[in-house]
>>> print(open('model-v2.txt').read())   # compact mmCIF, C-alpha atoms
# COMPACT_ATOMS: atom_id res chain seq x y z
CA MET M 18 169.44 69.69 86.34
CA ALA M 19 165.98 69.93 84.83
CA ASN M 20 164.72 66.84 83.07
CA LEU M 21 164.55 67.61 79.34
CA THR M 22 163.08 64.23 78.41
CA THR M 23 159.97 64.74 76.30
CA ASN M 24 157.03 62.54 75.48
CA PHE M 25 155.47 63.99 72.35
CA ILE M 26 152.35 62.06 71.27
CA GLY M 27 153.87 58.96 72.83
CA ILE M 28 157.24 59.45 71.13
CA LYS M 29 160.00 59.75 73.71
CA SER M 30 163.26 61.58 73.20
CA PRO M 31 166.02 62.68 75.61
CA ASN M 32 165.39 66.36 74.83
CA PRO M 33 162.88 68.42 72.84
CA PHE M 34 165.33 69.34 70.08
CA TRP M 35 164.66 67.57 66.78
CA LEU M 36 166.17 68.20 63.39
CA ALA M 37 163.54 69.16 60.83
CA SER M 38 163.06 67.36 57.54
CA ALA M 39 165.69 68.99 55.31
CA PRO M 40 169.18 68.40 53.86
CA PRO M 41 170.69 67.71 57.32
CA THR M 42 168.50 64.59 57.63
CA ASP M 43 168.89 63.26 54.09
CA LYS M 44 170.97 60.18 54.86
CA GLU M 45 172.33 57.84 57.49
CA TYR M 46 175.72 59.52 57.77
CA ASN M 47 174.20 62.88 58.69
CA VAL M 48 171.64 61.46 61.12
CA ARG M 49 174.21 59.39 62.99
CA ARG M 50 176.41 62.48 63.39
CA ALA M 51 173.37 64.40 64.62
CA PHE M 52 172.52 61.80 67.24
CA GLU M 53 176.14 61.64 68.40
CA ALA M 54 176.08 65.44 68.80
CA GLY M 55 173.06 65.15 71.09
CA TRP M 56 169.92 65.80 69.05
CA GLY M 57 166.84 64.24 70.62
CA GLY M 58 165.24 63.29 67.33
CA VAL M 59 165.17 63.81 63.58
CA VAL M 60 162.55 64.01 60.90
CA TRP M 61 164.05 62.20 57.91
CA LYS M 62 164.14 64.25 54.71
CA THR M 63 160.90 63.82 52.78
CA LEU M 64 160.50 60.53 50.93
CA GLY M 65 158.38 60.14 47.82
CA SER M 66 156.79 57.16 46.13
CA GLU M 67 158.51 55.00 43.58
CA GLY M 68 157.97 56.41 40.12
CA PRO M 69 159.59 59.10 37.98
CA PRO M 70 162.87 59.99 39.71
CA VAL M 71 163.21 63.26 41.59
CA VAL M 72 165.95 65.32 39.95
CA ASN M 73 167.39 68.30 41.81
CA VAL M 74 169.21 71.20 40.18
CA ASN M 75 172.99 70.98 39.89
CA GLY M 76 173.49 74.71 40.27
CA PRO M 77 173.03 76.80 43.43
CA ARG M 78 170.13 75.68 45.62
CA TYR M 79 170.18 78.40 48.27
CA GLY M 80 169.73 82.13 48.34
CA ALA M 81 170.39 84.16 51.48
CA ILE M 82 169.59 87.30 53.45
CA TRP M 83 172.34 88.62 55.73
CA GLY M 84 172.48 91.17 58.52
CA ALA M 85 174.98 94.03 58.50
CA ASP M 86 177.55 91.80 60.22
CA ARG M 87 177.14 89.06 57.59
CA ARG M 88 175.11 87.01 60.05
CA LEU M 89 172.78 84.71 58.16
CA LEU M 90 169.20 85.82 58.77
CA GLY M 91 167.35 83.75 56.21
CA LEU M 92 167.82 81.04 53.61
CA ASN M 93 165.79 80.53 50.47
CA ASN M 94 166.02 77.00 49.07
CA ILE M 95 164.84 75.48 45.81
CA GLU M 96 165.80 71.92 46.70
CA LEU M 97 163.19 69.21 46.23
CA ILE M 98 162.50 66.13 48.35
CA THR M 99 165.11 63.38 48.53
CA ASP M 100 166.52 62.27 45.19
CA ARG M 101 167.90 59.07 46.71
CA PRO M 102 166.11 55.74 46.06
CA LEU M 103 163.27 54.93 48.44
CA GLU M 104 164.68 51.49 49.20
CA VAL M 105 168.06 52.94 50.22
CA ASN M 106 166.44 55.47 52.51
CA LEU M 107 164.30 52.82 54.20
CA GLN M 108 167.31 50.56 54.79
CA GLU M 109 169.25 53.43 56.33
CA ILE M 110 166.33 54.47 58.55
CA LYS M 111 166.03 50.94 59.88
CA SER M 112 169.77 50.76 60.53
CA VAL M 113 169.85 54.08 62.41
CA LYS M 114 166.79 53.31 64.51
CA ARG M 115 168.24 49.94 65.52
CA ASP M 116 171.30 51.68 67.01
CA TYR M 117 169.53 54.70 68.55
CA LYS M 118 166.39 53.34 70.11
CA ASP M 119 166.22 56.18 72.63
CA ARG M 120 165.99 58.84 69.91
CA ALA M 121 162.92 59.94 68.00
CA LEU M 122 162.97 59.13 64.29
CA ILE M 123 160.10 60.41 62.17
CA ILE M 124 159.72 59.87 58.42
CA SER M 125 158.51 62.78 56.31
CA LEU M 126 156.32 61.74 53.38
CA MET M 127 154.97 63.33 50.21
CA VAL M 128 153.22 61.41 47.43
CA PRO M 129 150.47 62.13 44.88
CA CYS M 130 147.07 62.98 46.31
CA ASP M 131 145.35 59.62 45.97
CA GLU M 132 144.68 56.97 48.60
CA ASP M 133 146.56 54.16 46.85
CA SER M 134 149.82 56.13 46.77
CA TRP M 135 149.62 56.90 50.50
CA ARG M 136 148.63 53.33 51.39
CA ASP M 137 151.51 51.90 49.37
CA ILE M 138 154.26 54.06 50.86
CA LEU M 139 152.94 53.63 54.39
CA GLY M 140 153.05 49.89 53.90
CA GLN M 141 156.67 50.07 52.80
CA ILE M 142 157.84 51.97 55.86
CA GLU M 143 156.06 49.93 58.53
CA ASP M 144 159.04 47.66 59.25
CA THR M 145 161.62 50.46 59.64
CA GLU M 146 160.69 50.79 63.35
CA ALA M 147 160.36 54.54 62.84
CA ASP M 148 158.41 56.30 65.56
CA GLY M 149 155.96 58.12 63.32
CA VAL M 150 155.31 59.89 60.03
CA GLU M 151 155.09 63.56 59.14
CA LEU M 152 152.92 64.48 56.17
CA ASN M 153 154.63 67.21 54.19
CA PHE M 154 151.79 69.53 53.22
CA GLY M 155 153.98 72.59 53.04
CA CYS M 156 156.75 72.48 50.42
CA PRO M 157 156.06 75.65 48.37
CA HIS M 158 158.21 74.94 45.32
CA GLY M 159 158.73 72.18 42.80
CA MET M 160 156.50 69.54 44.35
CA ALA M 161 153.63 72.01 44.74
CA GLU M 162 153.64 72.47 40.98
CA ARG M 163 153.04 68.72 40.76
CA GLY M 164 149.97 68.86 42.99
CA MET M 165 151.72 67.88 46.22
CA GLY M 166 153.22 69.71 49.22
CA GLY M 167 151.83 73.21 49.56
CA ALA M 168 149.16 72.48 46.94
CA VAL M 169 147.58 70.10 49.45
CA GLY M 170 148.33 72.21 52.52
CA GLN M 171 146.42 75.21 51.15
CA VAL M 172 143.17 73.23 50.86
CA PRO M 173 141.75 72.17 54.25
CA GLU M 174 139.50 69.55 52.63
CA TYR M 175 142.54 67.82 51.11
CA ILE M 176 144.37 67.93 54.42
CA GLU M 177 141.51 66.23 56.19
CA MET M 178 141.11 63.66 53.43
CA VAL M 179 144.76 62.62 53.23
CA THR M 180 145.13 62.58 57.00
CA ARG M 181 142.18 60.18 57.22
CA TRP M 182 143.81 57.93 54.63
CA CYS M 183 147.05 57.82 56.59
CA LYS M 184 145.36 57.14 59.92
CA LYS M 185 143.49 54.32 58.19
CA HIS M 186 146.59 52.70 56.71
CA THR M 187 149.24 53.02 59.45
CA ARG M 188 149.63 52.20 63.12
CA MET M 189 152.23 54.96 63.53
CA PRO M 190 151.45 58.42 64.93
CA VAL M 191 150.69 60.94 62.19
CA ILE M 192 152.02 64.52 62.32
CA VAL M 193 150.70 66.98 59.75
CA LYS M 194 153.20 69.63 58.65
CA LEU M 195 151.44 72.88 57.79
CA THR M 196 152.28 75.55 55.25
CA PRO M 197 152.44 79.23 56.30
CA ASN M 198 151.42 80.25 52.78
CA ILE M 199 147.79 80.63 53.76
CA THR M 200 145.59 83.38 55.19
CA ASP M 201 144.38 81.69 58.39
CA ILE M 202 146.56 78.92 59.85
CA ARG M 203 143.73 77.78 62.10
CA LYS M 204 141.74 76.32 59.19
CA PRO M 205 144.31 73.72 58.05
CA ALA M 206 145.03 72.84 61.68
CA GLU M 207 141.34 72.24 62.30
CA ALA M 208 141.20 70.08 59.17
CA ALA M 209 144.16 68.01 60.36
CA LYS M 210 142.45 67.47 63.70
CA ARG M 211 139.21 66.43 62.02
CA GLY M 212 141.18 63.95 59.95
CA GLY M 213 142.55 62.35 63.11
CA ALA M 214 146.07 63.81 63.14
CA ASP M 215 148.00 63.08 66.32
CA ALA M 216 149.81 66.43 66.03
CA VAL M 217 150.69 69.27 63.70
CA SER M 218 154.10 70.75 62.97
CA LEU M 219 154.67 74.28 61.72
CA ILE M 220 155.77 76.29 59.99
CA ASN M 221 157.08 74.95 56.73
CA THR M 222 158.99 77.39 54.53
CA ILE M 223 157.56 80.67 53.26
CA ASN M 224 157.20 81.22 49.53
CA SER M 225 159.84 83.75 48.55
CA ILE M 226 162.36 85.30 46.23
CA THR M 227 165.21 86.63 48.34
CA SER M 228 167.06 88.71 45.78
CA VAL M 229 167.48 89.65 42.11
CA ASN M 230 170.83 89.86 40.38
CA LEU M 231 170.96 93.38 38.94
CA ASP M 232 173.45 92.43 36.24
CA SER M 233 171.73 89.33 34.86
CA PHE M 234 168.26 90.45 36.00
CA ALA M 235 167.35 87.00 37.27
CA PRO M 236 166.24 85.86 40.72
CA GLU M 237 168.91 84.26 42.90
CA PRO M 238 169.87 81.48 43.14
CA THR M 239 170.18 81.53 39.36
CA ILE M 240 170.17 78.39 37.22
CA ASP M 241 171.39 79.01 33.66
CA GLY M 242 169.99 82.52 33.58
CA LYS M 243 166.65 81.75 35.26
CA GLY M 244 165.42 81.75 38.85
CA THR M 245 162.33 80.63 40.70
CA HIS M 246 160.47 81.07 43.97
CA GLY M 247 161.67 78.93 46.85
CA GLY M 248 161.11 78.25 50.53
CA TYR M 249 162.30 80.85 53.06
CA CYS M 250 163.52 79.80 56.50
CA GLY M 251 165.90 80.89 59.24
CA PRO M 252 165.81 83.48 62.07
CA ALA M 253 163.86 85.96 59.93
CA VAL M 254 160.75 83.75 59.88
CA LYS M 255 160.59 83.18 63.65
CA PRO M 256 158.02 85.95 64.39
CA ILE M 257 155.66 84.54 61.76
CA ALA M 258 156.08 81.03 63.12
CA LEU M 259 155.50 82.09 66.73
CA ASN M 260 152.25 83.80 65.83
CA MET M 261 150.95 80.79 63.91
CA VAL M 262 151.84 78.39 66.71
CA ALA M 263 150.06 80.66 69.20
CA GLU M 264 146.98 80.92 66.98
CA ILE M 265 146.57 77.15 66.95
CA ALA M 266 147.34 76.78 70.65
CA ARG M 267 144.70 79.29 71.72
CA ASN M 268 142.06 78.33 69.15
CA ARG M 269 139.08 76.62 70.74
CA GLU M 270 138.71 74.17 67.83
CA THR M 271 142.31 72.97 68.07
CA HIS M 272 142.77 73.26 71.82
CA GLY M 273 144.84 70.33 73.06
CA LEU M 274 146.20 69.42 69.62
CA PRO M 275 149.94 68.75 70.11
CA ILE M 276 152.25 71.10 68.22
CA SER M 277 155.83 70.67 67.03
CA GLY M 278 157.26 74.17 66.60
CA ILE M 279 159.42 75.07 63.59
CA GLY M 280 160.76 78.35 62.26
CA GLY M 281 164.06 80.14 62.86
CA ILE M 282 164.99 78.43 66.12
CA THR M 283 168.66 79.18 66.74
CA THR M 284 169.08 79.38 70.52
CA TRP M 285 167.61 77.78 73.63
CA ARG M 286 165.67 81.00 74.16
CA ASP M 287 163.98 80.64 70.77
CA ALA M 288 163.00 77.10 71.68
CA ALA M 289 161.65 78.17 75.07
CA GLU M 290 159.49 80.83 73.42
CA PHE M 291 157.95 78.29 71.05
CA MET M 292 157.30 75.91 73.91
CA ALA M 293 155.79 78.64 76.09
CA LEU M 294 153.37 79.32 73.23
CA GLY M 295 152.25 75.71 73.13
CA ALA M 296 154.84 73.66 71.24
CA GLY M 297 155.58 70.30 72.86
CA ASN M 298 158.94 70.17 71.11
CA VAL M 299 160.84 72.06 68.41
CA GLN M 300 162.43 71.28 65.07
CA VAL M 301 165.58 72.99 63.83
CA CYS M 302 167.14 73.25 60.39
CA THR M 303 168.84 76.53 59.40
CA ALA M 304 170.78 76.85 62.66
CA ALA M 305 172.31 73.41 62.14
CA MET M 306 173.13 74.25 58.52
CA THR M 307 174.78 77.48 59.66
CA TYR M 308 176.72 76.34 62.74
CA GLY M 309 176.84 72.54 62.56
CA PHE M 310 175.18 69.83 64.63
CA LYS M 311 176.94 70.66 67.90
CA ILE M 312 174.85 73.80 68.32
CA VAL M 313 172.32 71.53 70.04
CA GLN M 314 174.65 71.26 73.03
CA GLU M 315 174.29 74.98 73.72
CA MET M 316 170.51 74.63 73.33
CA ILE M 317 170.40 71.77 75.81
CA SER M 318 172.55 73.46 78.44
CA GLY M 319 170.80 76.81 78.06
CA LEU M 320 167.28 75.42 78.32
CA SER M 321 168.26 73.24 81.26
CA GLN M 322 169.76 76.18 83.15
CA TYR M 323 166.73 78.36 82.43
CA MET M 324 164.33 75.70 83.69
CA ASP M 325 166.43 75.23 86.83
CA GLU M 326 166.30 78.96 87.51
CA LYS M 327 162.53 78.96 87.05
CA GLY M 328 162.04 75.89 89.23
CA MET M 329 160.69 73.80 86.36
CA ASP M 330 161.21 70.06 86.73
CA SER M 331 160.24 69.02 83.20
CA THR M 332 159.48 70.51 79.80
CA ALA M 333 155.80 69.94 80.49
CA ASP M 334 156.05 72.76 83.05
CA LEU M 335 157.03 75.16 80.26
CA VAL M 336 154.73 74.08 77.43
CA GLY M 337 151.82 76.48 77.00
CA ARG M 338 152.72 78.83 79.88
CA ALA M 339 152.35 81.93 77.68
CA VAL M 340 149.16 80.91 75.86
CA PRO M 341 146.73 82.47 78.40
CA ASN M 342 148.50 85.80 77.94
CA VAL M 343 147.97 85.89 74.17
CA THR M 344 144.82 87.87 73.42
CA ASP M 345 143.17 89.99 70.75
CA TRP M 346 143.90 93.71 70.54
CA GLN M 347 140.42 94.67 71.73
CA PHE M 348 141.07 93.08 75.11
CA LEU M 349 144.29 94.96 75.88
CA ASN M 350 144.22 97.20 78.96
CA LEU M 351 144.25 100.81 77.81
CA ASN M 352 144.73 101.95 81.41
CA TYR M 353 148.27 100.56 81.37
CA VAL M 354 150.50 103.58 80.72
CA THR M 355 154.28 103.69 80.35
CA LYS M 356 156.80 106.37 79.45
CA ALA M 357 160.29 106.08 78.04
CA HIS M 358 163.23 106.78 80.35
CA ILE M 359 166.81 107.40 79.18
CA SER M 360 169.66 106.42 81.49
CA GLN M 361 172.20 109.24 81.26
CA ASP M 362 174.90 106.96 82.68
CA ASP M 363 174.49 104.54 79.77
CA CYS M 364 173.73 106.99 76.95
CA ILE M 365 176.52 107.32 74.36
CA LYS M 366 174.90 110.43 72.82
CA CYS M 367 174.56 108.90 69.37
CA GLY M 368 171.21 110.62 68.83
CA ARG M 369 169.48 107.71 67.12
CA CYS M 370 166.53 107.87 69.52
CA TYR M 371 166.12 111.58 68.85
CA ALA M 372 166.31 111.24 65.07
CA ALA M 373 163.83 108.38 65.00
CA CYS M 374 161.33 110.05 67.32
CA GLU M 375 161.64 113.54 65.85
CA ASP M 376 161.35 112.46 62.21
CA THR M 377 159.06 109.47 62.33
CA SER M 378 157.24 109.32 65.64
CA HIS M 379 155.85 111.75 68.24
CA GLN M 380 158.61 114.35 68.84
CA ALA M 381 158.88 113.16 72.43
CA ILE M 382 162.68 113.37 72.89
CA ALA M 383 164.48 116.64 73.51
CA MET M 384 168.14 117.31 72.66
CA SER M 385 170.12 119.93 74.57
CA ASP M 386 173.08 121.91 73.25
CA ASP M 387 175.50 119.43 74.84
CA ARG M 388 173.60 116.48 73.24
CA THR M 389 171.85 115.34 76.37
CA PHE M 390 168.68 113.50 75.41
CA THR M 391 165.60 113.52 77.64
CA VAL M 392 162.02 112.35 77.25
CA LYS M 393 159.10 114.79 77.08
CA ASP M 394 156.48 112.87 79.03
CA GLU M 395 153.64 115.00 77.74
CA GLU M 396 154.40 113.86 74.17
CA CYS M 397 155.54 110.27 74.78
CA VAL M 398 152.99 107.64 73.70
CA ALA M 399 155.21 104.74 74.81
CA CYS M 400 155.56 103.38 71.28
CA ASN M 401 158.91 101.75 72.16
CA LEU M 402 160.63 102.90 68.95
CA CYS M 403 163.43 104.59 70.88
CA VAL M 404 164.11 101.38 72.81
CA ASN M 405 164.34 99.41 69.58
CA VAL M 406 166.71 101.75 67.75
CA CYS M 407 169.03 102.44 70.69
CA PRO M 408 172.35 100.56 70.22
CA VAL M 409 172.92 100.26 74.00
CA GLU M 410 170.89 97.54 75.66
CA ASN M 411 168.73 98.79 78.56
CA CYS M 412 169.83 102.39 78.09
CA ILE M 413 166.23 103.30 77.30
CA THR M 414 163.48 101.54 79.23
CA MET M 415 159.73 101.85 79.49
CA VAL M 416 158.61 102.81 83.01
CA GLU M 417 155.03 102.19 84.13
CA VAL M 418 153.03 105.22 85.26
CA PRO M 419 151.19 104.37 88.50
CA LYS M 420 147.42 104.15 88.41
CA GLY M 421 145.91 107.44 89.58
CA ALA M 422 148.73 109.59 88.24
CA LEU M 423 147.99 112.29 85.67
CA ASP M 424 148.87 111.32 82.09
CA GLU M 425 150.16 114.65 80.79
CA ARG M 426 149.71 113.63 77.18
CA THR M 427 145.98 112.88 77.45
CA GLY M 428 145.19 115.07 80.43
CA ARG M 429 143.31 112.29 82.17
CA THR M 430 144.02 110.21 85.23
CA VAL M 431 145.59 106.83 84.58
CA GLY M 432 142.89 104.26 85.26
CA ASP M 433 139.91 106.23 83.94
CA TYR M 434 138.74 103.36 81.75
CA ALA M 435 138.52 99.68 82.60
CA ASN M 436 139.48 98.44 79.13
CA TRP M 437 138.88 98.97 75.46
CA THR M 438 135.30 97.71 75.64
CA THR M 439 134.34 100.85 77.60
CA HIS M 440 136.80 103.30 76.04
CA PRO M 441 135.07 106.30 74.39
CA ASN M 442 137.20 105.89 71.25
CA ASN M 443 135.87 102.38 70.72
CA PRO M 444 133.15 102.58 68.03
CA MET M 445 131.46 99.52 69.50
CA ALA M 446 131.19 101.26 72.87
CA LYS M 447 129.66 104.31 71.18
CA ALA M 448 127.19 102.11 69.32
CA ALA M 449 126.16 100.49 72.58
CA GLU M 450 125.40 103.89 74.06
>>> encode(input="model-v2.txt", output="structure tokens")
Amino acid sequence: MANLTTNFIGIKSPNPFWLASAPPTDKEYNVRRAFEAGWGGVVWKTLGSEGPPVVNVNGPRYGAIWGADRRLLGLNNIELITDRPLEVNLQEIKSVKRDYKDRALIISLMVPCDEDSWRDILGQIEDTEADGVELNFGCPHGMAERGMGGAVGQVPEYIEMVTRWCKKHTRMPVIVKLTPNITDIRKPAEAAKRGGADAVSLINTINSITSVNLDSFAPEPTIDGKGTHGGYCGPAVKPIALNMVAEIARNRETHGLPISGIGGITTWRDAAEFMALGAGNVQVCTAAMTYGFKIVQEMISGLSQYMDEKGMDSTADLVGRAVPNVTDWQFLNLNYVTKAHISQDDCIKCGRCYAACEDTSHQAIAMSDDRTFTVKDEECVACNLCVNVCPVENCITMVEVPKGALDERTGRTVGDYANWTTHPNNPMAKAAE
């Protein structure tokens, strides 16, 4: 079987699957159960400095978005960092690490934005034998209102400053956890690198309100008639997370900066996609909260089988494989032409492709009197909508039109133009002329 052992910024773990800083990593009992289930590492739920106690709500802490089959697609949480005493957490971290030396154990931290606070808490955790620290610059609710979490993560200058403080006051590797609640994820990543960060992790949760109760007219979850914005996570945020990971991986200024991928990872395939886009490992939260810790066993076996089939000996063979194929729109090959094809053997004659294309797309699907659906090549622009709405997998596929063939829709030969930079519809090309 493929070797899933990972070495992420010098931190070794038996597999690339870590639990993210969240309720599942809040105490020793949970973490021990996680390690027994097979998780390669954990990021301990965020610790704060000694001072005014953190008090969480005693009402509902989670809101949810479900699919039609009641499958959980996203969670919105309004929970704060750990409300357990710092000393208790540190004792438990030391105890767990003593018994699981082969597992990665990272401590998430969030304190006020001054050097003394960071120096003090780093000094207190040095003897836990933890493998590293993760700076929580992403929490979008509660702590952000106090000038921490996302309030720091949205200001690149603060990220660089605090990262420098931490690198100055600890021997441990420093991972900077980034917020997605920002216009350009590359800027905070660049700031973390300038500050000396050993790695970045992303994404943290997305600022959100998932629903409104239409009887009480308050956001949910509702606490005594009021609601607030929270952090959104789960499968629904995966596309956003993948894009942000890819942006950092392919950015010249952050090239080579190790990435820990986070955001909606539920299956081994999700993890493999993050790793192919540059993540050296992945962190999971919502999937564990939905299905329990043993879900990692399916992730391990699935990733191992996939790597065997691809002839990959280690996770390093997978990391970054897709990055060279991520480009900007202007560099896409406009000579590449495909057309939709409907398999009559697989078609169940539901008509969803026809309705979608006829009403909202390019009127490229014909319906006969006996409800046989066929593609009109001269109208098909290969938008892929029919593939996405069809309930039968692989019933509709996109078939490449060979170079040199006549594209009936445009009336030109496939391969007339090298790429967008020379295409007559490109305003830049016209300007050059």
>>> closest_residue(input="model-v2.txt", among="M:Pro69, M:Gly55, M:Gly242, M:Pro275", to="M:Glu315", atoms="all atoms listed in the file")
M:Gly55
>>> residues_around(input="model-v2.txt", residues="M:Lys420", least_positions_apart="3", cutoff="8 Å", atoms="all atoms listed in the file", output="JSON, numbers by chain")
{"M": [352, 353, 430, 431, 432]}
>>> atom_distance(input="model-v2.txt", atom1="atom CA of M:Asn32", atom2="atom CA of M:Val59")
11.5 Å
>>> residues_near_point(input="model-v2.txt", point="(175.6, 72.3, 58.0)", cutoff="12 Å", atoms="only C-alpha atoms", output="JSON, numbers by chain")
{"M": [36, 39, 40, 41, 42, 43, 47, 48, 50, 51, 301, 302, 303, 304, 305, 306, 307, 308, 309, 310, 311, 312]}
>>> residues_around(input="model-v2.txt", residues="stretch 163-180 of chain M", least_positions_apart="5", cutoff="9 Å", atoms="all atoms listed in the file", output="mmCIF file with C-alpha atoms, keeping the file's coordinate frame")
data_model
loop_
_atom_site.group_PDB
_atom_site.id
_atom_site.type_symbol
_atom_site.label_atom_id
_atom_site.label_comp_id
_atom_site.auth_asym_id
_atom_site.auth_seq_id
_atom_site.Cartn_x
_atom_site.Cartn_y
_atom_site.Cartn_z
ATOM 1 C CA MET M 127 154.970 63.330 50.210
ATOM 2 C CA VAL M 128 153.220 61.410 47.430
ATOM 3 C CA PRO M 129 150.470 62.130 44.880
ATOM 4 C CA CYS M 130 147.070 62.980 46.310
ATOM 5 C CA ASP M 131 145.350 59.620 45.970
ATOM 6 C CA GLU M 132 144.680 56.970 48.600
ATOM 7 C CA TRP M 135 149.620 56.900 50.500
ATOM 8 C CA LEU M 152 152.920 64.480 56.170
ATOM 9 C CA ASN M 153 154.630 67.210 54.190
ATOM 10 C CA PHE M 154 151.790 69.530 53.220
ATOM 11 C CA GLY M 155 153.980 72.590 53.040
ATOM 12 C CA CYS M 156 156.750 72.480 50.420
ATOM 13 C CA PRO M 157 156.060 75.650 48.370
ATOM 14 C CA HIS M 158 158.210 74.940 45.320
ATOM 15 C CA LYS M 185 143.490 54.320 58.190
ATOM 16 C CA VAL M 191 150.690 60.940 62.190
ATOM 17 C CA ILE M 192 152.020 64.520 62.320
ATOM 18 C CA VAL M 193 150.700 66.980 59.750
ATOM 19 C CA LYS M 194 153.200 69.630 58.650
ATOM 20 C CA LEU M 195 151.440 72.880 57.790
ATOM 21 C CA THR M 196 152.280 75.550 55.250
ATOM 22 C CA PRO M 197 152.440 79.230 56.300
ATOM 23 C CA ASN M 198 151.420 80.250 52.780
ATOM 24 C CA ILE M 199 147.790 80.630 53.760
ATOM 25 C CA LYS M 204 141.740 76.320 59.190
ATOM 26 C CA PRO M 205 144.310 73.720 58.050
ATOM 27 C CA ALA M 206 145.030 72.840 61.680
ATOM 28 C CA GLU M 207 141.340 72.240 62.300
ATOM 29 C CA ALA M 208 141.200 70.080 59.170
ATOM 30 C CA ALA M 209 144.160 68.010 60.360
ATOM 31 C CA LYS M 210 142.450 67.470 63.700
ATOM 32 C CA ARG M 211 139.210 66.430 62.020
ATOM 33 C CA GLY M 212 141.180 63.950 59.950
ATOM 34 C CA GLY M 213 142.550 62.350 63.110
ATOM 35 C CA ALA M 214 146.070 63.810 63.140
#
>>> atom_distance(input="model-v2.txt", atom1="atom CA of M:Asp394", atom2="atom CA of M:Gly428")
11.6 Å
>>> closest_residue(input="model-v2.txt", among="M:Trp182, M:Ser321, M:Pro77, M:Val343", to="M:Asn260", atoms="all atoms listed in the file")
M:Val343
>>> closest_residue(input="model-v2.txt", among="M:Val105, M:Val60, M:Trp83, M:Thr377", to="M:Pro252", atoms="only C-alpha atoms")
M:Trp83
